[in-house]
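Remarks on the structure that follows.
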Amino acid sequence: MSLKAVIAKTKAYYCLECGICTGTCPVSRYSPTYSPRVMVENALLFEEGETLCAEELWTCLTCGTCNLRCPSTVDYTAFMAALREKARAIGEQGTCTHADTMAALGALQMREDFRKPREWLGKGVRIKPKGSTYYFSGCLPYLNVVFREIGYEGGESGNAAVRLLNAAGIVPAVSEKEVCCGHDPYWTGDRDSVRYFARRNLAAIRKTGAKRVVFSCPEGYHMFKHIYPELGIKVPFECVHILTVLADNLNKLKLKPFPGEVTYHDPCRLVKFDDVFEAPRELLAAVPDLALVEMGRIGKDAMCCGSSNWVSCTRVNKQIQVERLNEAVDTGAATLITSCPKCNIHLRCAARDEDNKGKMEIKDILTLLAESLGGKKRAT
Amino acid sequence: MKPSSRKKGASRRKAGAAGTAGSRKGARTARGRSGKTDVVALACKWHPVESMENAVADGFTLPAGVVVLPVRCTGGITVASILKLFAKGLEGVLIMGCNEGDCHYYNGSERCREIIKDTREILGWSGIAPERLGFALMSGSQGKNFEEVLGDYLKELKKAKAGRAGSGRRKRVA
Amino acid sequence: MVREDSKTGGGPGAPGREPESVAVALFDSGAMAPADLDRMARALKADPRVEFVAGPYRDLNKKSLEKLGDILSRRGVKRVLVAGASDRLFGRLIREALEPRGVDPSLVAIIDFDQAEGARAGRSRAERLLKLISASAASLAIASPVETLEAAIRPSSLVIGGGVAGIAAAAALARRGVKVTLVEKEKDLGGLIRHLNAVFPAYVPPSDFIRARLDELGGGQVEIIKGAEPVSMSGHVGDYEVKLSSGKTVEAGTIIVATGGALHEPHGLFGYGDFEHVITQMQLETIMKSGERPGENVVMIQCAGSRIPERPYCSRICCTASIKNTVLMKQKFPEINVTILSRGFAEYAGDLDRAREMGVEIIRYSTERPPVVGGESVEVYDEISDREEVISADRVVLAVPFVPSESTREVARVLRLPTDTYGFIIEPEPKLRPGEFVPRGIYVAGAAHWPATITDSVVQGYSAASRAFDLISQGTVSKLAFVSRLEESLCRGCGRCADACMHGAIELVEAEDGLKQAVHLPIQCTGCGVCVSVCPSGAFSLGYISSRQIGSIIEAIV
């Protein structure tokens, strides 16, 4: 798509230069060079080459807050995604963070013999090869290894997800042929990989006969529900996030007391690109003795956790994370609840550094609910 | 002269198959196909390369399908670099470093051990037998030499390919 | 693909940048059949990425390299891929021979034919090697030359520790006109030997010895700072800055660590701490200094806490010390009974025969059946005569081993020096480069390094001083920058790199925004790449090869 077409599609030409986007943007708050308004204006005024070669192209978190605030309804994140696709085509790319592990994992999944053994879900879960509901786990098993260093336990939340579904009376189908949902390739301009992964995923899910796919990761949910259709990929199943499913089946979940004060961080993919806002709160409210103290900025106003599709991890990101952590600490709660692996990892990483060590416990909502459900924890 | 590369009974590749024989039925052995590399050995340029050169001087030659790429220190090998090699469809990757205590950069091979552990775990959760990633520390002039180490690894790899050492299910780590 | 001037890592090599011309030089190492070698030469000549092919040369020696150099110089080609040689064995020779002909040594790549499968594979091997060579040539064409780093060495030295080793080192350096700062934790110089009653073999008090050594330090060349210890270090080879607990900062081109050992306190072993009459050899020295009678029936137990699984080493000084004390005791108080329980004497046991002549009984015990110390006697199983003995003892003296001193542990931490399992400071190549550490310009002498006798300590002190002086005389150190590269703006200050770097090449400093910032010292960097693998931000990359180059080689051979 030419730059002109991108501008037209995303309505970038409606930009009033009001600057509300920049005022909203968490990256702009800490980066002296990044501004959504400037990105749009440059694209409208200057050479395509300059726009595409700007390093700032990769610092956007794609959190989508600016989209919601723009009075001209410019779709800024779609604009970013399209620009990045064009940039990639001329050989540009973002920083290779985490020693390029996540990108390499994506490449590895291109092997036709790539399989995700179902043993990774751990013990105490009931799953089956065919069923009407499919559980999509995404990169949890790999995040588990890569981020063990900061104490992240993806395995626990995957195990918790299935146990909770079981408790809600659902025995989900899983397939070993599932691959990456394509979220990070999409948001970093690699649509070819997205199409490839989508083809493999849809084939694998179709084989299970599922009519409905449940996601524990907001990013996977976002991809199947919004992005695949945008790319013209037909998704013949109902796509729903696990928090919605669990909230709908709250009466089946026998939750035991879990005393404490917690606060909850809304993931961008759930509240800014979709509307999974009430469900987690209903679930937390249903846990006896648990009190939820909300942060100042929640839902559509929530501040992004600072994660970036793995292409940017600088002090700007860290400052964003620290600001959000401080906001959580200010609630007085002992635990910060997350419902997205990326949020959990990034906030946890910021907390790990010397200056922020031990500020708060960070816990995944599914792990919390599963613990409240009782029963044995996943044997690692 | 008949081309020696065509093996009888080789199964047809499925369209789009990006890799090598995995756990598929009728898997052919990939070694020795003309021009195709099956195993890359990342060998530290200090002790392992010395050992290789000594072995070569004694008449050893690399088996077909194996290529040795010297690296400065195994400590600089990342999870990503190994995964990318497997992503290309390699059968196996062997990392050869210097014994702990002999590392020219003090603790490179120790660090590599941690990387290997994590990478094997990721491979296990990806349906690739962790044994396909070999890790051996050695001395340039003592103990098990290059030929033995490589031989041991290729034996393990053969087992892994036949599905005996692990069919992609998570097995022992490191 | 990454832009060369892009801040996003990935190293040198840019899309759209014109590849430079690369020549391939083939050497006939005997590893390939001549026909295959010729075929390879022809194929390479036809390869558009190769400017021209030199050789195949039959021999790899100065003459053929000079010929090669001439051709390169005539054709104006500055990059060459040498195929058919061992980088390890001939790398230096090749680069040194070609450099005068205008070839940048960092742009000489060397590939061995043995890197791909052997002669039996015939044609397929040649194909595979051809791919490897072709890809390497393409990679070389887009490589960036590596610069030469230089650091000036300050003509000064900081000696940490004013014991025997430190004093020897300081004196040796002062004699050579080097400015020395000697830092000692205690209020007096001399270290452990101050506590000794006498020194073997002269049997003189240590004060004589100390005074003689201290005289060597006179003359004002050596600045002596007492009562202070290092608390932090920054800088690089040739220009270290060490901050002391007294607040003062010492700048020095070289550092010698001589912080010594301490004597192990064997609580609970052989009754130490349970019975008042059980003491160590060092405590015996104190008694003897005072002129007191040590006891009537003295039993000495050797290897008390050494040569056991926890500490399997021999501490080297205890045999000599015990026998020295025995001889002195028997000289002064001939009627005292002395029995030594030993697990075998070290070769350097000193005056063992003299002790025997003076009537000292020596009983051999084994690890499996250690002596049992009671309130008035010691039970021991005599391995030689195969029977249990009960010896009256009103004084039991334990020969305990050296362990690293607190200062040694602390200084190792501050200077980022590697330590072994027991805490002694260890160098990467104890045989080939003893006393030298990967952070160059730092040397270790004495018991900080391993249990050392006084002679050992003096000799090591002199040796460390000699090495330091060599470095200072060089004036500068230079090296090709095969190092990592840090893009500072990408750093988020987590500190994983500084923790991981064993070479002192990364420092974490306070930045203006209150977060930390990593700073890279290329002259200290060895290019091992550990920082690259631990950095979450992708701020580090290998400065001497780009991911594009690596990717292109792998692409070609798989």
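In the structure tokens, each chain is lettered A, B, ... as it comes, each chain's residues begin at 1, and ligands are numbered from 1 in order of appearance.
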
* Asked: Got a sec: who's within 8 Å of segment 313-321 of chain C, counting only C-alpha atoms, leaving out chain neighbours fewer than 2 positions off, as a PyMOL selection string?
  -> chain C and resi 200+281+302-303+306-308+311+323-325+345-346+348-351+399-402+451-453

Could you save those same residues with C-alpha atoms as a short mmCIF file (atom, residue, chain, number, x, y, z; two decimals), in the first residue's frame?
data_model
loop_
_atom_site.label_atom_id
_atom_site.label_comp_id
_atom_site.auth_asym_id
_atom_site.auth_seq_id
_atom_site.Cartn_x
_atom_site.Cartn_y
_atom_site.Cartn_z
CA PHE C 200 62.46 -20.47 59.93
CA GLN C 281 50.14 -22.95 66.18
CA GLN C 302 48.76 -31.60 61.86
CA CYS C 303 46.30 -31.06 58.99
CA SER C 306 43.01 -29.15 55.77
CA ARG C 307 43.27 -32.10 53.41
CA ILE C 308 39.64 -32.91 54.21
CA ARG C 311 39.40 -28.00 52.19
CA ILE C 323 58.44 -28.32 63.54
CA LYS C 324 60.03 -24.94 63.99
CA ASN C 325 58.00 -24.42 67.14
CA PHE C 345 54.80 -34.42 56.26
CA ALA C 346 55.18 -32.16 53.31
CA TYR C 348 59.44 -28.89 52.94
CA ALA C 349 58.94 -29.93 56.51
CA GLY C 350 62.07 -28.12 57.57
CA ASP C 351 63.99 -29.44 60.50
CA ALA C 399 48.13 -26.82 62.72
CA VAL C 400 45.35 -25.04 60.85
CA PRO C 401 45.37 -24.07 57.19
CA PHE C 402 45.40 -20.77 55.43
CA PRO C 451 48.73 -20.60 50.84
CA ALA C 452 52.22 -19.20 50.63
CA THR C 453 55.40 -19.41 52.67
#

_At a cut-off of 9 Å, using only C-alpha atoms, what residues contact Ala55 of chain B? Leave out same-chain residues fewer than 4 positions from it and give the result as a list in words._
Glu50, Ser51, Gly59, Phe60, Thr61, Asn145, Phe146 and Glu147 of chain B

Do you know which residues are at most 12 Å from Lys11 of chain A counting only C-alpha atoms, after dropping those on the same chain fewer than 3 positions away, and could you put them as a ChimeraX atom specification?
/A:3-8,14-16,40,44,67,70-79

Atom pair atom CA of Val299 of chain C + atom CA of Val199 of chain C, distance 21.4 Å

Fewer than 3 positions away in the same chain doesn't count, so skip those; otherwise give me all residues within 10 Å of Glu156 of chain B, counting only C-alpha atoms, as a PDB file with N, CA and C atoms, in the first residue's frame.
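Okay, part-v1.pdb is ready:
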ATOM      1  N   GLU B 131      17.950 -33.405  22.836  1.00  0.00           N
ATOM      2  CA  GLU B 131      19.263 -34.010  22.583  1.00  0.00           C
ATOM      3  C   GLU B 131      19.849 -33.565  21.255  1.00  0.00           C
ATOM      4  N   ARG B 132      19.014 -32.970  20.402  1.00  0.00           N
ATOM      5  CA  ARG B 132      19.563 -32.500  19.122  1.00  0.00           C
ATOM      6  C   ARG B 132      20.515 -31.345  19.325  1.00  0.00           C
ATOM      7  N   LEU B 133      20.393 -30.711  20.495  1.00  0.00           N
ATOM      8  CA  LEU B 133      21.351 -29.650  20.827  1.00  0.00           C
ATOM      9  C   LEU B 133      22.411 -30.269  21.716  1.00  0.00           C
ATOM     10  N   GLY B 134      23.592 -30.402  21.168  1.00  0.00           N
ATOM     11  CA  GLY B 134      24.664 -31.011  21.935  1.00  0.00           C
ATOM     12  C   GLY B 134      25.531 -29.939  22.573  1.00  0.00           C
ATOM     13  N   LEU B 150      32.510 -35.484  18.878  1.00  0.00           N
ATOM     14  CA  LEU B 150      31.594 -35.387  17.747  1.00  0.00           C
ATOM     15  C   LEU B 150      30.887 -36.719  17.524  1.00  0.00           C
ATOM     16  N   GLY B 151      31.666 -37.805  17.634  1.00  0.00           N
ATOM     17  CA  GLY B 151      31.090 -39.138  17.466  1.00  0.00           C
ATOM     18  C   GLY B 151      29.988 -39.406  18.469  1.00  0.00           C
ATOM     19  N   ASP B 152      30.250 -39.068  19.730  1.00  0.00           N
ATOM     20  CA  ASP B 152      29.235 -39.263  20.779  1.00  0.00           C
ATOM     21  C   ASP B 152      27.968 -38.485  20.444  1.00  0.00           C
ATOM     22  N   TYR B 153      28.179 -37.257  20.015  1.00  0.00           N
ATOM     23  CA  TYR B 153      27.018 -36.412  19.717  1.00  0.00           C
ATOM     24  C   TYR B 153      26.206 -36.987  18.558  1.00  0.00           C
ATOM     25  N   LYS B 159      19.849 -41.325  17.677  1.00  0.00           N
ATOM     26  CA  LYS B 159      18.801 -41.833  18.562  1.00  0.00           C
ATOM     27  C   LYS B 159      17.638 -40.855  18.606  1.00  0.00           C
ATOM     28  N   ALA B 160      17.982 -39.578  18.703  1.00  0.00           N
ATOM     29  CA  ALA B 160      16.927 -38.561  18.799  1.00  0.00           C
ATOM     30  C   ALA B 160      16.079 -38.559  17.537  1.00  0.00           C
ATOM     31  N   LYS B 161      16.729 -38.714  16.389  1.00  0.00           N
ATOM     32  CA  LYS B 161      15.980 -38.705  15.142  1.00  0.00           C
ATOM     33  C   LYS B 161      15.081 -39.917  15.018  1.00  0.00           C
ATOM     34  N   ALA B 162      15.545 -41.043  15.575  1.00  0.00           N
ATOM     35  CA  ALA B 162      14.722 -42.244  15.491  1.00  0.00           C
ATOM     36  C   ALA B 162      13.601 -42.202  16.506  1.00  0.00           C
ATOM     37  N   ARG B 164      13.910 -42.301  19.654  1.00  0.00           N
ATOM     38  CA  ARG B 164      14.129 -43.069  20.877  1.00  0.00           C
ATOM     39  C   ARG B 164      14.504 -42.166  22.044  1.00  0.00           C
ATOM     40  N   ALA B 165      15.259 -41.095  21.728  1.00  0.00           N
ATOM     41  CA  ALA B 165      15.729 -40.266  22.840  1.00  0.00           C
ATOM     42  C   ALA B 165      14.719 -39.240  23.264  1.00  0.00           C
TER      43      ALA B 165
END

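Atom CA of Ala173 of chain A to atom CA of Pro129 of chain A spans 5.2 Å [interatomic distance, one decimal].
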
Note to self: I'd like the contact shell of Arg39 of chain C - 10 Å cut-off, only C-alpha atoms, skipping same-chain residues fewer than 6 positions apart - returned as a ChimeraX atom specification.
What the structure shows: /C:33,45,123,126-127,130

Quick one: which residues from chain A are at most 9 Å off chain B, using only C-alpha atoms, as a compact mmCIF listing (two decimals) with C-alpha atoms, in the first residue's frame?
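Written file, result-v9.txt:
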# COMPACT_ATOMS: atom_id res chain seq x y z
CA HIS A 98 16.18 -9.95 24.66
CA ALA A 99 19.10 -11.05 22.52
CA ASP A 100 16.59 -11.67 19.73
CA THR A 101 15.15 -14.73 21.47
CA MET A 102 11.52 -13.94 20.77
CA ALA A 103 12.16 -13.31 17.08
CA ALA A 104 14.12 -16.55 16.83
CA LEU A 105 11.26 -18.39 18.47
CA GLY A 106 8.98 -17.07 15.75
CA ALA A 107 11.36 -18.34 13.09
CA LEU A 108 11.54 -21.73 14.81
CA GLN A 109 7.77 -22.04 14.63
CA MET A 110 8.03 -22.01 10.85
CA ARG A 111 9.34 -25.56 10.95
CA GLU A 112 6.60 -27.88 9.78
CA ASP A 113 7.49 -30.33 12.54
CA PHE A 114 7.04 -27.75 15.26
CA ARG A 115 4.80 -29.09 18.00
CA LYS A 116 3.76 -27.80 21.40
CA PRO A 117 3.54 -30.89 23.64
CA ARG A 118 0.43 -30.73 25.77
CA GLU A 119 2.42 -31.85 28.81
CA TRP A 120 3.46 -28.26 29.30
CA PRO A 141 5.56 -22.19 27.62
CA TYR A 142 8.39 -20.19 26.06
CA VAL A 145 11.71 -20.23 30.14
CA VAL A 146 12.90 -16.87 28.87
CA GLU A 176 -0.06 -29.60 19.63

Work out how far atom CA of Ala109 of chain C is from atom CA of Ala46 of chain C, in Å to one decimal.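 Answer for the atom CA of Ala46 of chain C to atom CA of Ala109 of chain C separation: 20.1 Å.
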
Report the residues of segment 26-140 of chain B whose backbone DSSP state falls under helix (DSSP H, G or I), written as a CSV table (one decimal) with C-alpha atoms, in the first residue's frame.
chain,number,residue,atom,x,y,z
B,47,HIS,CA,40.5,-25.6,22.8
B,48,PRO,CA,37.9,-27.2,20.5
B,49,VAL,CA,39.5,-26.0,17.3
B,50,GLU,CA,42.9,-27.0,18.5
B,51,SER,CA,41.5,-30.4,19.3
B,52,MET,CA,40.0,-30.6,15.8
B,53,GLU,CA,43.3,-29.7,14.1
B,54,ASN,CA,45.1,-32.3,16.2
B,55,ALA,CA,42.5,-34.8,15.2
B,56,VAL,CA,42.8,-33.9,11.5
B,57,ALA,CA,46.6,-34.2,11.8
B,74,THR,CA,30.8,-20.0,23.6
B,75,GLY,CA,29.8,-17.4,26.2
B,76,GLY,CA,28.6,-15.2,23.4
B,79,VAL,CA,19.5,-18.8,22.7
B,80,ALA,CA,18.4,-17.0,19.5
B,81,SER,CA,21.4,-18.0,17.5
B,82,ILE,CA,20.8,-21.7,18.3
B,83,LEU,CA,17.0,-21.4,17.6
B,84,LYS,CA,17.7,-19.7,14.3
B,85,LEU,CA,19.9,-22.6,13.2
B,86,PHE,CA,17.2,-25.0,14.0
B,87,ALA,CA,14.7,-22.8,12.3
B,108,GLY,CA,32.2,-18.1,29.0
B,109,SER,CA,31.6,-21.9,28.9
B,110,GLU,CA,29.9,-21.7,32.3
B,111,ARG,CA,27.5,-19.1,30.9
B,112,CYS,CA,27.0,-21.2,27.8
B,113,ARG,CA,25.8,-24.0,30.0
B,114,GLU,CA,22.9,-21.9,31.2
B,115,ILE,CA,22.0,-20.9,27.7
B,116,ILE,CA,22.1,-24.6,26.6
B,117,LYS,CA,19.8,-25.5,29.5
B,118,ASP,CA,17.2,-22.8,28.5
B,119,THR,CA,17.4,-23.6,24.8
B,120,ARG,CA,17.0,-27.3,25.4
B,121,GLU,CA,13.9,-26.6,27.4
B,122,ILE,CA,12.5,-24.4,24.6
B,123,LEU,CA,13.3,-27.1,22.0
B,124,GLY,CA,11.5,-29.6,24.1
B,130,PRO,CA,16.5,-31.5,23.3
B,131,GLU,CA,19.3,-34.0,22.6
B,132,ARG,CA,19.6,-32.5,19.1

For chain A versus chain C, which residues have an atom no more than 12 Å away, and what is each residue's nearest atom pair and distance in Å rounded to one decimal, using only C-alpha atoms, chain-then-number order, as JSON lines?
{"residue": "A:Tyr30", "atom": "CA", "partner": "C:Asp513", "partner_atom": "CA", "distance": 10.0}
{"residue": "A:Ser31", "atom": "CA", "partner": "C:Ser489", "partner_atom": "CA", "distance": 11.0}
{"residue": "A:Pro32", "atom": "CA", "partner": "C:Ser489", "partner_atom": "CA", "distance": 11.8}
{"residue": "A:Leu52", "atom": "CA", "partner": "C:Arg3", "partner_atom": "CA", "distance": 12.0}
{"residue": "A:Cys53", "atom": "CA", "partner": "C:Arg3", "partner_atom": "CA", "distance": 8.9}
{"residue": "A:Ala54", "atom": "CA", "partner": "C:Ser6", "partner_atom": "CA", "distance": 9.3}
{"residue": "A:Glu55", "atom": "CA", "partner": "C:Lys7", "partner_atom": "CA", "distance": 7.7}
{"residue": "A:Glu56", "atom": "CA", "partner": "C:Thr8", "partner_atom": "CA", "distance": 10.8}
{"residue": "A:Leu57", "atom": "CA", "partner": "C:Thr8", "partner_atom": "CA", "distance": 11.6}
{"residue": "A:Trp58", "atom": "CA", "partner": "C:Thr8", "partner_atom": "CA", "distance": 9.7}
{"residue": "A:Thr59", "atom": "CA", "partner": "C:Leu490", "partner_atom": "CA", "distance": 11.0}
{"residue": "A:Ala87", "atom": "CA", "partner": "C:Met1", "partner_atom": "CA", "distance": 10.8}
{"residue": "A:Arg88", "atom": "CA", "partner": "C:Met1", "partner_atom": "CA", "distance": 8.6}
{"residue": "A:Ala89", "atom": "CA", "partner": "C:Met1", "partner_atom": "CA", "distance": 9.8}
{"residue": "A:Ile90", "atom": "CA", "partner": "C:Met1", "partner_atom": "CA", "distance": 8.6}
{"residue": "A:Gly91", "atom": "CA", "partner": "C:Met1", "partner_atom": "CA", "distance": 4.9}
{"residue": "A:Glu92", "atom": "CA", "partner": "C:Val2", "partner_atom": "CA", "distance": 5.9}
{"residue": "A:Gln93", "atom": "CA", "partner": "C:Val2", "partner_atom": "CA", "distance": 6.7}
{"residue": "A:Gly94", "atom": "CA", "partner": "C:Thr8", "partner_atom": "CA", "distance": 6.2}
{"residue": "A:Thr95", "atom": "CA", "partner": "C:Thr8", "partner_atom": "CA", "distance": 4.5}
{"residue": "A:Cys96", "atom": "CA", "partner": "C:Gly538", "partner_atom": "CA", "distance": 5.4}
{"residue": "A:Thr97", "atom": "CA", "partner": "C:Gly538", "partner_atom": "CA", "distance": 4.3}
{"residue": "A:His98", "atom": "CA", "partner": "C:Pro536", "partner_atom": "CA", "distance": 4.1}
{"residue": "A:Ala99", "atom": "CA", "partner": "C:Ser533", "partner_atom": "CA", "distance": 5.3}
{"residue": "A:Asp100", "atom": "CA", "partner": "C:Gly538", "partner_atom": "CA", "distance": 7.8}
{"residue": "A:Thr101", "atom": "CA", "partner": "C:Ser533", "partner_atom": "CA", "distance": 9.4}
{"residue": "A:Met102", "atom": "CA", "partner": "C:Pro536", "partner_atom": "CA", "distance": 11.1}
{"residue": "A:Val146", "atom": "CA", "partner": "C:Pro536", "partner_atom": "CA", "distance": 10.6}
{"residue": "A:Phe147", "atom": "CA", "partner": "C:Pro536", "partner_atom": "CA", "distance": 10.4}
{"residue": "A:Glu149", "atom": "CA", "partner": "C:Val534", "partner_atom": "CA", "distance": 10.5}
{"residue": "A:Ile150", "atom": "CA", "partner": "C:Pro536", "partner_atom": "CA", "distance": 11.4}
{"residue": "A:Ser307", "atom": "CA", "partner": "C:Ser537", "partner_atom": "CA", "distance": 11.6}
{"residue": "A:Ser308", "atom": "CA", "partner": "C:Ser537", "partner_atom": "CA", "distance": 11.2}
{"residue": "A:Trp310", "atom": "CA", "partner": "C:Ser537", "partner_atom": "CA", "distance": 8.9}
{"residue": "A:Val311", "atom": "CA", "partner": "C:Ser537", "partner_atom": "CA", "distance": 8.6}
{"residue": "A:Ser312", "atom": "CA", "partner": "C:Ser537", "partner_atom": "CA", "distance": 6.9}
{"residue": "A:Cys313", "atom": "CA", "partner": "C:Ser537", "partner_atom": "CA", "distance": 4.7}
{"residue": "A:Thr314", "atom": "CA", "partner": "C:Arg492", "partner_atom": "CA", "distance": 4.7}
{"residue": "A:Arg315", "atom": "CA", "partner": "C:Arg492", "partner_atom": "CA", "distance": 4.1}
{"residue": "A:Val316", "atom": "CA", "partner": "C:Arg492", "partner_atom": "CA", "distance": 7.7}
{"residue": "A:Asn317", "atom": "CA", "partner": "C:Arg492", "partner_atom": "CA", "distance": 8.0}
{"residue": "A:Lys318", "atom": "CA", "partner": "C:Arg492", "partner_atom": "CA", "distance": 6.5}
{"residue": "A:Gln319", "atom": "CA", "partner": "C:Leu515", "partner_atom": "CA", "distance": 8.7}
{"residue": "A:Ile320", "atom": "CA", "partner": "C:Arg492", "partner_atom": "CA", "distance": 11.5}
{"residue": "A:Gln321", "atom": "CA", "partner": "C:Arg492", "partner_atom": "CA", "distance": 11.4}
{"residue": "A:Val322", "atom": "CA", "partner": "C:Leu515", "partner_atom": "CA", "distance": 10.7}
{"residue": "A:Ile345", "atom": "CA", "partner": "C:Pro536", "partner_atom": "CA", "distance": 12.0}
{"residue": "A:His346", "atom": "CA", "partner": "C:Pro536", "partner_atom": "CA", "distance": 10.9}
{"residue": "A:Cys349", "atom": "CA", "partner": "C:Cys494", "partner_atom": "CA", "distance": 8.9}
{"residue": "A:Ala350", "atom": "CA", "partner": "C:Cys494", "partner_atom": "CA", "distance": 8.4}
{"residue": "A:Ala351", "atom": "CA", "partner": "C:Cys494", "partner_atom": "CA", "distance": 10.4}
{"residue": "A:Arg352", "atom": "CA", "partner": "C:Cys494", "partner_atom": "CA", "distance": 8.6}
{"residue": "A:Asp353", "atom": "CA", "partner": "C:Cys494", "partner_atom": "CA", "distance": 5.7}
{"residue": "A:Glu354", "atom": "CA", "partner": "C:Cys494", "partner_atom": "CA", "distance": 7.7}
{"residue": "A:Asp355", "atom": "CA", "partner": "C:Leu515", "partner_atom": "CA", "distance": 8.3}
{"residue": "A:Asn356", "atom": "CA", "partner": "C:Cys494", "partner_atom": "CA", "distance": 10.7}
{"residue": "A:Lys357", "atom": "CA", "partner": "C:Cys494", "partner_atom": "CA", "distance": 11.5}

List the spatial neighbours of Ala160 of chain A as a list in words - criterion: any atom at most 9 Å away, only C-alpha atoms, same-chain residues fewer than 2 positions off excluded.
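My list of contacting residues is Leu121, Val125, Gly155, Glu156, Ser157, Gly158, Val162, Arg163, Leu164, Leu165, Leu366, Thr367, Leu368, Leu369, Ala370, Glu371, Lys377 and Arg378 of chain A.
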
Could you list, with a cut-off of 7 Å and counting only C-alpha atoms, the residues of chain B near chain C, each shown with its nearest atom pair and the distance in Å rounded to one decimal, rows sorted by chain and ascending number, as a Markdown table?
| residue | atom | partner | partner_atom | distance |
| --- | --- | --- | --- | --- |
| B:Ser34 | CA | C:Ser124 | CA | 5.3 |
| B:Gly35 | CA | C:Ser124 | CA | 5.3 |
| B:Lys36 | CA | C:Val558 | CA | 6.2 |
| B:Thr37 | CA | C:Val558 | CA | 5.1 |
| B:Thr61 | CA | C:Gly118 | CA | 4.3 |
| B:Leu62 | CA | C:Glu117 | CA | 4.1 |
| B:Pro63 | CA | C:Glu117 | CA | 5.1 |
| B:Ala64 | CA | C:Glu117 | CA | 5.1 |
| B:Gly65 | CA | C:Glu117 | CA | 6.6 |
| B:Val66 | CA | C:Glu117 | CA | 6.0 |
| B:Val67 | CA | C:Ala116 | CA | 4.6 |
| B:Val68 | CA | C:Gln115 | CA | 4.7 |
| B:Leu69 | CA | C:Gln115 | CA | 6.9 |
| B:Arg72 | CA | C:Cys528 | CA | 6.6 |
| B:Cys73 | CA | C:Cys528 | CA | 5.6 |
| B:Gly75 | CA | C:Val530 | CA | 5.5 |
| B:Gly76 | CA | C:Gly529 | CA | 4.0 |
| B:Thr78 | CA | C:Ser533 | CA | 5.4 |
| B:Lys88 | CA | C:Val558 | CA | 7.0 |
| B:Gly101 | CA | C:Pro428 | CA | 6.8 |
| B:Asp102 | CA | C:Pro428 | CA | 6.7 |
| B:His104 | CA | C:Pro428 | CA | 6.8 |
| B:Tyr105 | CA | C:Cys528 | CA | 6.5 |
| B:Tyr106 | CA | C:Pro428 | CA | 5.8 |

Contact residues around segment 328-341 of chain A with only C-alpha atoms at 9 Å, ignoring same-chain residues under 2 positions, as a PyMOL selection string:
chain A and resi 140+143+152+154+157+216-219+243+260-267+269+280+291-296+323-326+343-346+359-366+368

- Task: Step one, run DSSP on the backbone; step two, keep only residues of segment 26-241 of chain A assigned to strand (DSSP E); then write them as a PyMOL selection string.
- Result: chain A and resi 133-136+212-215+238-241
